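Chemist: File target_2.txt follows (compact mmCIF, C-alpha atoms):
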# COMPACT_ATOMS: atom_id res chain seq x y z
CA MET A 1 34.49 -68.47 108.03
CA GLU A 2 31.98 -65.89 109.23
CA SER A 3 34.43 -63.10 108.69
CA GLY A 4 34.90 -64.21 105.06
CA LEU A 5 31.22 -63.91 104.08
CA PRO A 6 30.91 -60.13 104.33
CA LEU A 7 33.99 -59.74 102.19
CA THR A 8 32.53 -61.99 99.53
CA ALA A 9 29.23 -60.13 99.67
CA THR A 10 31.04 -56.85 99.31
CA LEU A 11 32.97 -58.03 96.28
CA SER A 12 29.82 -59.40 94.76
CA SER A 13 27.99 -56.13 95.12
CA LYS A 14 30.90 -54.18 93.57
CA TRP A 15 30.95 -56.53 90.61
CA GLU A 16 27.23 -56.11 90.10
CA ARG A 17 27.58 -52.33 90.19
CA ARG A 18 30.39 -52.42 87.61
CA SER A 19 28.42 -54.77 85.47
CA LYS A 20 25.38 -52.49 85.57
CA SER A 21 27.55 -49.46 84.82
CA LYS A 22 29.05 -51.17 81.77
CA ASN A 23 25.64 -52.28 80.62
CA SER A 24 24.26 -48.75 80.95
CA GLN A 25 27.23 -47.32 79.03
CA THR A 26 26.76 -49.90 76.28
CA THR A 27 23.04 -49.11 76.08
CA SER A 28 23.76 -45.37 75.91
CA LYS A 29 26.22 -45.82 73.03
CA SER A 30 23.77 -48.02 71.18
CA SER A 31 21.05 -45.43 71.59
CA LEU A 32 23.31 -42.68 70.27
CA LEU A 33 24.30 -44.87 67.33
CA MET A 34 20.67 -45.58 66.57
CA VAL A 35 19.81 -41.89 66.74
CA PHE A 36 22.71 -41.06 64.39
CA LEU A 37 21.72 -43.73 61.95
CA SER A 38 18.10 -42.55 62.12
CA CYS A 39 19.23 -38.99 61.29
CA LEU A 40 21.25 -40.27 58.34
CA ALA A 41 18.30 -42.29 57.13
CA TRP A 42 15.98 -39.27 57.49
CA LEU A 43 18.38 -37.02 55.59
CA TYR A 44 18.71 -39.64 52.84
CA VAL A 45 14.97 -40.05 52.53
CA ALA A 46 14.38 -36.28 52.61
CA GLY A 47 17.06 -35.76 49.90
CA ARG A 48 15.49 -38.40 47.70
CA LEU A 49 12.06 -36.89 48.17
CA TRP A 50 13.41 -33.41 47.30
CA GLN A 51 15.21 -34.76 44.23
CA ASP A 52 12.07 -36.64 43.17
CA ALA A 53 10.04 -33.42 43.54
CA GLU A 54 12.50 -31.48 41.34
CA ASN A 55 12.52 -34.24 38.76
CA GLY A 56 8.74 -34.27 38.78
CA MET A 57 8.64 -30.51 38.23
CA LEU A 58 11.13 -30.71 35.34
CA LEU A 59 9.15 -33.55 33.79
CA SER A 60 5.93 -31.57 34.16
CA ASN A 61 7.46 -28.53 32.41
CA LEU A 62 8.76 -30.70 29.56
CA LEU A 63 5.36 -32.30 29.12
CA LYS A 64 3.73 -28.87 29.07
CA LYS A 65 6.13 -27.60 26.39
CA ASN A 66 5.62 -30.70 24.30
CA SER A 67 1.87 -30.36 24.58
CA LEU A 68 2.07 -26.77 23.35
CA GLN A 69 4.24 -27.76 20.38
CA ARG A 70 2.08 -30.66 19.33
CA PRO A 71 -0.76 -29.87 16.90
CA LYS A 72 -4.00 -29.28 18.68
CA VAL A 73 -6.63 -31.92 18.17
CA LEU A 74 -9.67 -29.96 17.02
CA SER A 75 -13.12 -30.95 18.08
CA VAL A 76 -16.01 -31.00 15.62
CA ASP A 77 -17.18 -27.60 16.90
CA ASP A 78 -13.68 -26.14 16.46
CA LYS A 79 -13.48 -27.43 12.90
CA LEU A 80 -16.87 -25.93 12.08
CA MET A 81 -15.74 -22.61 13.52
CA VAL A 82 -12.55 -22.62 11.38
CA LEU A 83 -14.54 -23.47 8.26
CA GLY A 84 -17.00 -20.70 9.09
CA CYS A 85 -14.18 -18.15 9.43
CA LYS A 86 -12.70 -19.21 6.10
CA ASP A 87 -16.10 -18.91 4.44
CA LEU A 88 -16.58 -15.46 5.96
CA GLU A 89 -13.12 -14.39 4.77
CA ARG A 90 -13.97 -15.58 1.24
CA ARG A 91 -17.22 -13.64 1.29
CA ILE A 92 -15.42 -10.49 2.43
CA VAL A 93 -12.91 -10.79 -0.44
CA GLU A 94 -15.75 -11.31 -2.92
CA ALA A 95 -17.60 -8.28 -1.53
CA GLU A 96 -14.47 -6.11 -1.83
CA MET A 97 -14.02 -7.21 -5.44
CA GLU A 98 -17.67 -6.42 -6.23
CA LEU A 99 -17.30 -3.03 -4.54
CA THR A 100 -14.21 -2.20 -6.59
CA LEU A 101 -16.02 -3.25 -9.77
CA ALA A 102 -19.03 -1.10 -8.87
CA LYS A 103 -16.80 1.89 -8.23
CA SER A 104 -14.93 1.41 -11.49
CA GLN A 105 -18.26 1.33 -13.36
CA GLY A 106 -19.39 4.55 -11.76
CA TYR A 107 -22.16 3.10 -9.59
CA LEU A 108 -20.70 4.57 -6.39
CA LYS A 109 -19.87 8.22 -5.96
CA SER A 110 -16.83 9.48 -4.13
CA GLN A 111 -17.48 11.07 -0.75
CA VAL A 112 -14.84 13.74 -1.41
CA GLN A 113 -16.10 17.31 -1.33
CA ARG A 114 -16.42 18.45 -4.97
CA SER A 115 -15.98 22.00 -6.22
CA ASP A 116 -18.42 21.91 -9.14
CA SER A 117 -20.01 25.01 -10.59
CA SER A 118 -22.32 26.96 -8.34
CA SER A 119 -25.38 25.51 -10.07
CA GLY A 120 -24.31 22.01 -9.07
CA LYS A 121 -24.81 20.63 -12.58
CA LYS A 122 -22.54 17.94 -13.95
CA LEU A 123 -19.61 19.28 -15.95
CA LEU A 124 -18.85 18.31 -19.52
CA ALA A 125 -15.08 18.05 -19.17
CA VAL A 126 -12.06 18.79 -17.00
CA ILE A 127 -8.98 19.75 -19.03
CA GLY A 128 -5.63 19.35 -17.32
CA VAL A 129 -2.89 21.33 -19.06
CA TYR A 130 0.44 19.76 -18.11
CA SER A 131 3.01 22.39 -17.21
CA GLY A 132 6.34 22.73 -15.42
CA PHE A 133 8.28 25.20 -13.29
CA GLY A 134 10.11 26.72 -16.26
CA SER A 135 7.03 27.03 -18.46
CA ARG A 136 5.53 30.35 -17.36
CA LEU A 137 5.91 31.77 -20.86
CA ARG A 138 4.01 28.81 -22.32
CA ARG A 139 1.26 29.27 -19.75
CA ASN A 140 0.94 32.94 -20.63
CA THR A 141 0.79 32.03 -24.33
CA PHE A 142 -1.90 29.44 -23.61
CA ARG A 143 -3.90 31.98 -21.60
CA GLY A 144 -3.48 34.58 -24.33
CA SER A 145 -4.68 32.11 -26.94
CA MET A 146 -7.81 31.45 -24.88
CA THR A 147 -8.51 35.15 -24.42
CA SER A 148 -7.99 35.99 -28.10
CA LYS A 149 -10.67 33.46 -29.00
CA GLY A 150 -13.06 34.88 -26.43
CA ASP A 151 -12.60 31.95 -24.04
CA THR A 152 -12.07 32.98 -20.43
CA LEU A 153 -12.07 30.62 -17.48
CA GLN A 154 -15.46 31.93 -16.38
CA LYS A 155 -17.04 31.55 -19.81
CA LEU A 156 -15.63 28.05 -20.21
CA GLU A 157 -16.96 27.04 -16.81
CA GLU A 158 -20.38 28.33 -17.82
CA ARG A 159 -20.17 25.89 -20.73
CA GLY A 160 -19.24 23.08 -18.34
CA ILE A 161 -15.48 23.13 -19.08
CA ILE A 162 -12.87 23.34 -16.31
CA VAL A 163 -9.33 24.27 -17.40
CA ARG A 164 -6.41 24.02 -15.00
CA PHE A 165 -2.64 23.99 -15.37
CA VAL A 166 -1.43 20.79 -13.70
CA ILE A 167 1.84 20.85 -11.81
CA GLY A 168 3.45 19.00 -8.89
CA ARG A 169 5.74 20.17 -6.13
CA SER A 170 9.46 20.81 -6.12
CA PRO A 171 11.78 18.04 -4.89
CA ASN A 172 12.92 20.67 -2.35
CA ARG A 173 9.54 21.38 -0.84
CA GLY A 174 8.83 25.03 -0.10
CA ASP A 175 11.67 26.46 -2.19
CA SER A 176 11.46 29.34 -4.68
CA LEU A 177 9.95 27.08 -7.37
CA ASP A 178 6.98 26.22 -5.19
CA HIS A 179 6.73 29.81 -3.99
CA ASN A 180 6.61 31.19 -7.55
CA ILE A 181 3.84 28.77 -8.55
CA ASP A 182 1.82 29.64 -5.44
CA GLU A 183 2.19 33.34 -6.18
CA GLU A 184 1.17 32.87 -9.83
CA ASN A 185 -1.83 30.82 -8.76
CA ARG A 186 -2.93 33.52 -6.32
CA VAL A 187 -3.18 35.90 -9.26
CA THR A 188 -4.53 33.63 -12.01
CA LYS A 189 -6.40 30.99 -9.96
CA ASP A 190 -6.02 28.48 -12.78
CA PHE A 191 -3.74 25.79 -11.28
CA LEU A 192 -4.36 22.27 -10.09
CA ILE A 193 -1.38 21.74 -7.79
CA LEU A 194 -0.62 18.07 -7.06
CA ASP A 195 0.86 18.22 -3.57
CA GLY A 196 1.66 14.50 -3.52
CA HIS A 197 3.53 14.53 -6.83
CA GLU A 198 7.17 15.51 -7.36
CA GLU A 199 7.48 17.55 -10.55
CA ALA A 200 10.34 16.05 -12.59
CA GLN A 201 10.73 14.69 -16.11
CA GLU A 202 11.34 11.13 -14.89
CA GLU A 203 8.18 11.31 -12.74
CA LEU A 204 5.93 12.29 -15.66
CA PRO A 205 4.26 8.83 -16.00
CA LYS A 206 3.16 9.01 -12.36
CA LYS A 207 1.73 12.48 -12.93
CA ALA A 208 -1.14 10.93 -14.91
CA LYS A 209 -2.24 8.93 -11.86
CA PHE A 210 -2.16 12.00 -9.63
CA PHE A 211 -3.96 14.18 -12.18
CA PHE A 212 -6.85 11.82 -12.95
CA SER A 213 -7.29 10.84 -9.29
CA THR A 214 -7.32 14.46 -8.10
CA ALA A 215 -9.56 15.63 -10.94
CA VAL A 216 -12.13 12.86 -10.36
CA GLN A 217 -12.21 13.60 -6.64
CA THR A 218 -12.53 17.36 -7.20
CA TRP A 219 -14.96 17.67 -10.14
CA ASP A 220 -17.83 15.52 -11.38
CA ALA A 221 -17.48 15.56 -15.16
CA GLU A 222 -18.29 13.33 -18.13
CA PHE A 223 -14.74 13.47 -19.55
CA TYR A 224 -11.23 14.13 -18.26
CA ILE A 225 -8.66 15.41 -20.75
CA LYS A 226 -4.88 15.65 -20.62
CA VAL A 227 -3.23 18.35 -22.76
CA ASP A 228 0.35 19.65 -23.03
CA ASP A 229 0.91 23.38 -22.52
CA ASN A 230 2.63 23.89 -25.90
CA ILE A 231 -0.55 23.27 -27.92
CA ASP A 232 -2.70 26.05 -29.33
CA LEU A 233 -5.96 24.36 -28.49
CA ASN A 234 -9.24 25.04 -30.29
CA PHE A 235 -11.75 24.72 -27.48
CA ASP A 236 -14.80 24.90 -29.76
CA ALA A 237 -13.57 21.95 -31.82
CA LEU A 238 -12.68 20.00 -28.66
CA VAL A 239 -16.12 20.64 -27.15
CA GLU A 240 -17.83 19.43 -30.31
CA LEU A 241 -15.67 16.27 -30.29
CA ILE A 242 -16.52 15.26 -26.74
CA LYS A 243 -20.19 16.19 -27.14
CA SER A 244 -20.36 13.73 -30.01
CA ARG A 245 -19.08 11.02 -27.66
CA ARG A 246 -21.58 11.59 -24.87
CA GLY A 247 -23.12 8.39 -23.59
CA GLN A 248 -19.98 6.33 -24.26
CA ASP A 249 -19.12 5.53 -20.67
CA ASP A 250 -15.89 3.68 -21.43
CA ALA A 251 -14.44 5.96 -24.12
CA TYR A 252 -10.66 6.12 -24.52
CA ILE A 253 -10.09 8.77 -27.20
CA GLY A 254 -6.85 9.84 -28.83
CA CYS A 255 -4.42 9.45 -31.69
CA MET A 256 -4.06 5.68 -31.48
CA LYS A 257 -0.62 4.39 -32.34
CA SER A 258 1.85 1.66 -31.55
CA GLY A 259 5.56 1.63 -32.19
CA GLU A 260 8.97 0.24 -31.50
CA VAL A 261 10.11 -0.16 -27.92
CA VAL A 262 13.56 1.43 -27.59
CA SER A 263 15.77 -1.02 -25.71
CA GLU A 264 19.13 0.75 -26.04
CA GLU A 265 19.96 2.86 -23.02
CA GLY A 266 20.86 6.44 -23.83
CA LYS A 267 18.61 6.71 -26.87
CA LEU A 268 15.54 8.93 -27.04
CA TRP A 269 12.38 7.25 -25.68
CA TYR A 270 14.41 4.51 -23.97
CA GLU A 271 12.21 2.03 -22.08
CA PRO A 272 14.08 0.38 -19.16
CA GLU A 273 11.53 -2.45 -19.01
CA TRP A 274 11.60 -3.14 -22.74
CA TRP A 275 11.81 -6.90 -22.18
CA LYS A 276 8.22 -6.95 -20.91
CA PHE A 277 6.91 -6.04 -24.38
CA GLY A 278 7.85 -9.32 -26.06
CA ASP A 279 10.40 -10.42 -28.62
CA GLN A 280 9.03 -8.06 -31.27
CA LYS A 281 9.67 -5.06 -28.98
CA THR A 282 6.49 -3.30 -30.05
CA TYR A 283 4.16 -1.20 -27.93
CA PHE A 284 0.49 -2.09 -27.70
CA ARG A 285 -2.09 0.28 -29.21
CA HIS A 286 -2.44 3.40 -27.10
CA ALA A 287 -3.41 7.08 -27.32
CA ALA A 288 -0.07 8.65 -28.15
CA GLY A 289 0.99 12.26 -28.16
CA SER A 290 0.05 15.39 -26.28
CA ILE A 291 -3.70 15.04 -25.88
CA PHE A 292 -6.02 12.19 -24.95
CA ILE A 293 -9.45 11.86 -23.37
CA LEU A 294 -10.89 9.45 -20.80
CA SER A 295 -14.53 9.01 -19.88
CA LYS A 296 -15.49 9.30 -16.24
CA ASN A 297 -15.56 5.54 -15.63
CA LEU A 298 -12.00 5.07 -16.88
CA ALA A 299 -10.73 8.04 -14.88
CA GLN A 300 -12.45 6.62 -11.79
CA TYR A 301 -10.72 3.30 -12.39
CA ILE A 302 -7.33 5.07 -12.26
CA ASP A 303 -8.37 6.87 -9.07
CA ILE A 304 -9.47 3.68 -7.32
CA ASN A 305 -6.47 1.58 -8.37
CA SER A 306 -3.76 4.24 -8.53
CA LEU A 307 -1.59 2.59 -5.88
CA SER A 308 -1.33 -0.70 -7.78
CA LEU A 309 -1.08 0.61 -11.36
CA LYS A 310 2.33 0.10 -12.99
CA ALA A 311 3.94 3.17 -14.58
CA TYR A 312 6.39 2.71 -17.44
CA ALA A 313 8.96 5.17 -18.77
CA HIS A 314 6.43 7.19 -20.77
CA GLU A 315 3.09 8.60 -19.76
CA ASP A 316 1.04 7.68 -22.82
CA THR A 317 2.17 4.05 -22.84
CA SER A 318 1.55 3.85 -19.09
CA VAL A 319 -2.05 5.00 -19.47
CA GLY A 320 -2.44 2.65 -22.44
CA SER A 321 -1.30 -0.29 -20.32
CA TRP A 322 -3.94 0.57 -17.68
CA MET A 323 -6.67 0.59 -20.33
CA MET A 324 -5.72 -2.81 -21.76
CA GLY A 325 -7.29 -4.77 -18.91
CA LEU A 326 -10.60 -2.90 -19.12
CA GLN A 327 -13.65 -2.98 -21.36
CA ALA A 328 -12.55 0.36 -22.81
CA THR A 329 -13.80 1.57 -26.17
CA TYR A 330 -10.78 2.67 -28.20
CA ILE A 331 -11.60 5.69 -30.40
CA ASP A 332 -8.91 6.69 -32.87
CA ASP A 333 -9.42 10.37 -33.84
CA SER A 334 -6.85 11.80 -36.24
CA ARG A 335 -7.72 15.34 -35.13
CA LEU A 336 -5.86 14.55 -31.90
CA CYS A 337 -2.64 13.63 -33.73
CA CYS A 338 0.10 16.21 -33.31
CA SER A 339 3.29 16.94 -35.24
CA TYR A 340 6.40 18.51 -33.74
CA ALA A 341 7.68 21.91 -34.88
CA GLY A 342 10.59 22.83 -32.62
CA GLN A 343 9.36 23.26 -29.05
CA ASP A 344 5.72 23.54 -30.12
CA LYS A 345 3.28 20.96 -31.42
CA ALA A 346 0.74 21.37 -34.18
CA CYS A 347 -2.45 19.33 -33.85
CA SER A 348 -5.32 19.04 -36.29
CA LEU A 349 -7.70 20.07 -33.49
CA ALA A 350 -5.81 23.31 -32.94
What would the structure in this file look like if it were written as structure tokens?
Modeler:
Amino acid sequence: MESGLPLTATLSSKWERRSKSKNSQTTSKSSLLMVFLSCLAWLYVAGRLWQDAENGMLLSNLLKKNSLQRPKVLSVDDKLMVLGCKDLERRIVEAEMELTLAKSQGYLKSQVQRSDSSSGKKLLAVIGVYSGFGSRLRRNTFRGSMTSKGDTLQKLEERGIIVRFVIGRSPNRGDSLDHNIDEENRVTKDFLILDGHEEAQEELPKKAKFFFSTAVQTWDAEFYIKVDDNIDLNFDALVELIKSRRGQDDAYIGCMKSGEVVSEEGKLWYEPEWWKFGDQKTYFRHAAGSIFILSKNLAQYIDINSLSLKAYAHEDTSVGSWMMGLQATYIDDSRLCCSYAGQDKACSLA
């Protein structure tokens, strides 16, 4: 019996050790499982938090874009500022209109350097004699006619009359045509060369804008006169005419006519924009022909508004259209009416 007790005790202790070993192994596995599950839970939570952060950022960007696209709610101060800007803009526009009106009425002088006579007195008239590249013979005839009557450039300028042959530049700038004009001008010194104008028959209506603008900016005169180079002009008679019109600040003087608007292409005096002249196809009253006279105020108006003035197919009707919107005084003088005789024109003033 005594010998059996130690054996039982031994077996009991072995069983306890195995039981403890199993328990420790089970506890270790449980711990590992808990750690694994904790890691999974942490990764899940971290992923959700990361996804929520991205979603929040996307939502924030969308809200910002929407807020930029939505109309801004203006405060009272903002509205007053906008109204103030609009009022200031209106005042600026009104001031510009008043300034243009003042310039057109001759109240403001151009700041361009003028080449008046040495005495500085105001000139009576500037006469622009329209000429072309192939018209040297006509120019010589015109000069000879002046000399035969005792009128030289110097004597005319002493009387307050500036005479210049008006011509533009060649379409091929700097070619022999331009060179010949420059050489002729170096000798005669009687040209007004319009550097911004292209000398061509189809550009003739635009030549009026360039001539009057350049003349007004260069000389301070009471009248500005356009003349063709194939007229034998009587300067004494012309001077008497314009002297009799002194004090008429809005004088538009010429052989006043109207006539049929030619709407058939290919015919002489064809007007491409004939439909603008109404169903009757008749021109408005205008100074027709080879010579007409504008007072300083009217010439200044052309200078100020030259960029916006519409030019039609013919020069005289173009100038007439510019005068229609003004308080111009139309003066019909039959002495300025010319008749055609071949290449030359005979005028009563000649």
Chemist: For A:Asp182, which of A:Val227, A:Ala328, A:Ile167, A:Met256 is the closest residue, counting all atoms listed in the file?
Modeler: A:Ile167
Chemist: Could you pull the residues within 12 Å of A:Arg173, counting all atoms listed in the file, minus those fewer than 3 positions along the same chain, as a list of chain:residue names?
Modeler: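 The contact residues come out as A:Gly168, A:Arg169, A:Ser170, A:Ser176, A:Leu177, A:Asp178, A:His179, A:Asp195, A:Gly196, A:His197, A:Glu198, A:Glu199.
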Chemist: Using only C-alpha atoms, can you tell me which of A:Leu268, A:Ala95, A:Leu49, A:Leu124 comes closest to A:Glu157?
Modeler: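 The closest residue to A:Glu157 is A:Leu124.
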Chemist: Neighbouring residues of A:Ile253 were defined as those with any atom within 7 Å, considering only C-alpha atoms; residues of the same chain fewer than 4 positions away were excluded. Please report them as a PyMOL selection string.
Modeler: chain A and resi 287+292-294+330-333
Chemist: Nearest to A:Asn230: which of A:Ser308, A:Ser145, A:Asn185, A:Thr317 is it, counting only C-alpha atoms?
Modeler: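 When distances to A:Asn230 are compared using only C-alpha atoms, the smallest one comes from A:Ser145.
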Chemist: Return the single residue from A:Glu271, A:Glu260, A:Asp220, A:Asp228 that is closest to A:Ser295, with distances computed using all atoms listed in the file.
Modeler: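 Among A:Glu271, A:Glu260, A:Asp220, A:Asp228, it is A:Asp220 that comes nearest to A:Ser295.
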Chemist: Would you list the contacts of A:Ile181 as a count of residues only, taking every protein, DNA or RNA residue within 12 Å and counting all atoms listed in the file, but skipping same-chain residues closer than 3 positions in sequence?
Modeler: 30
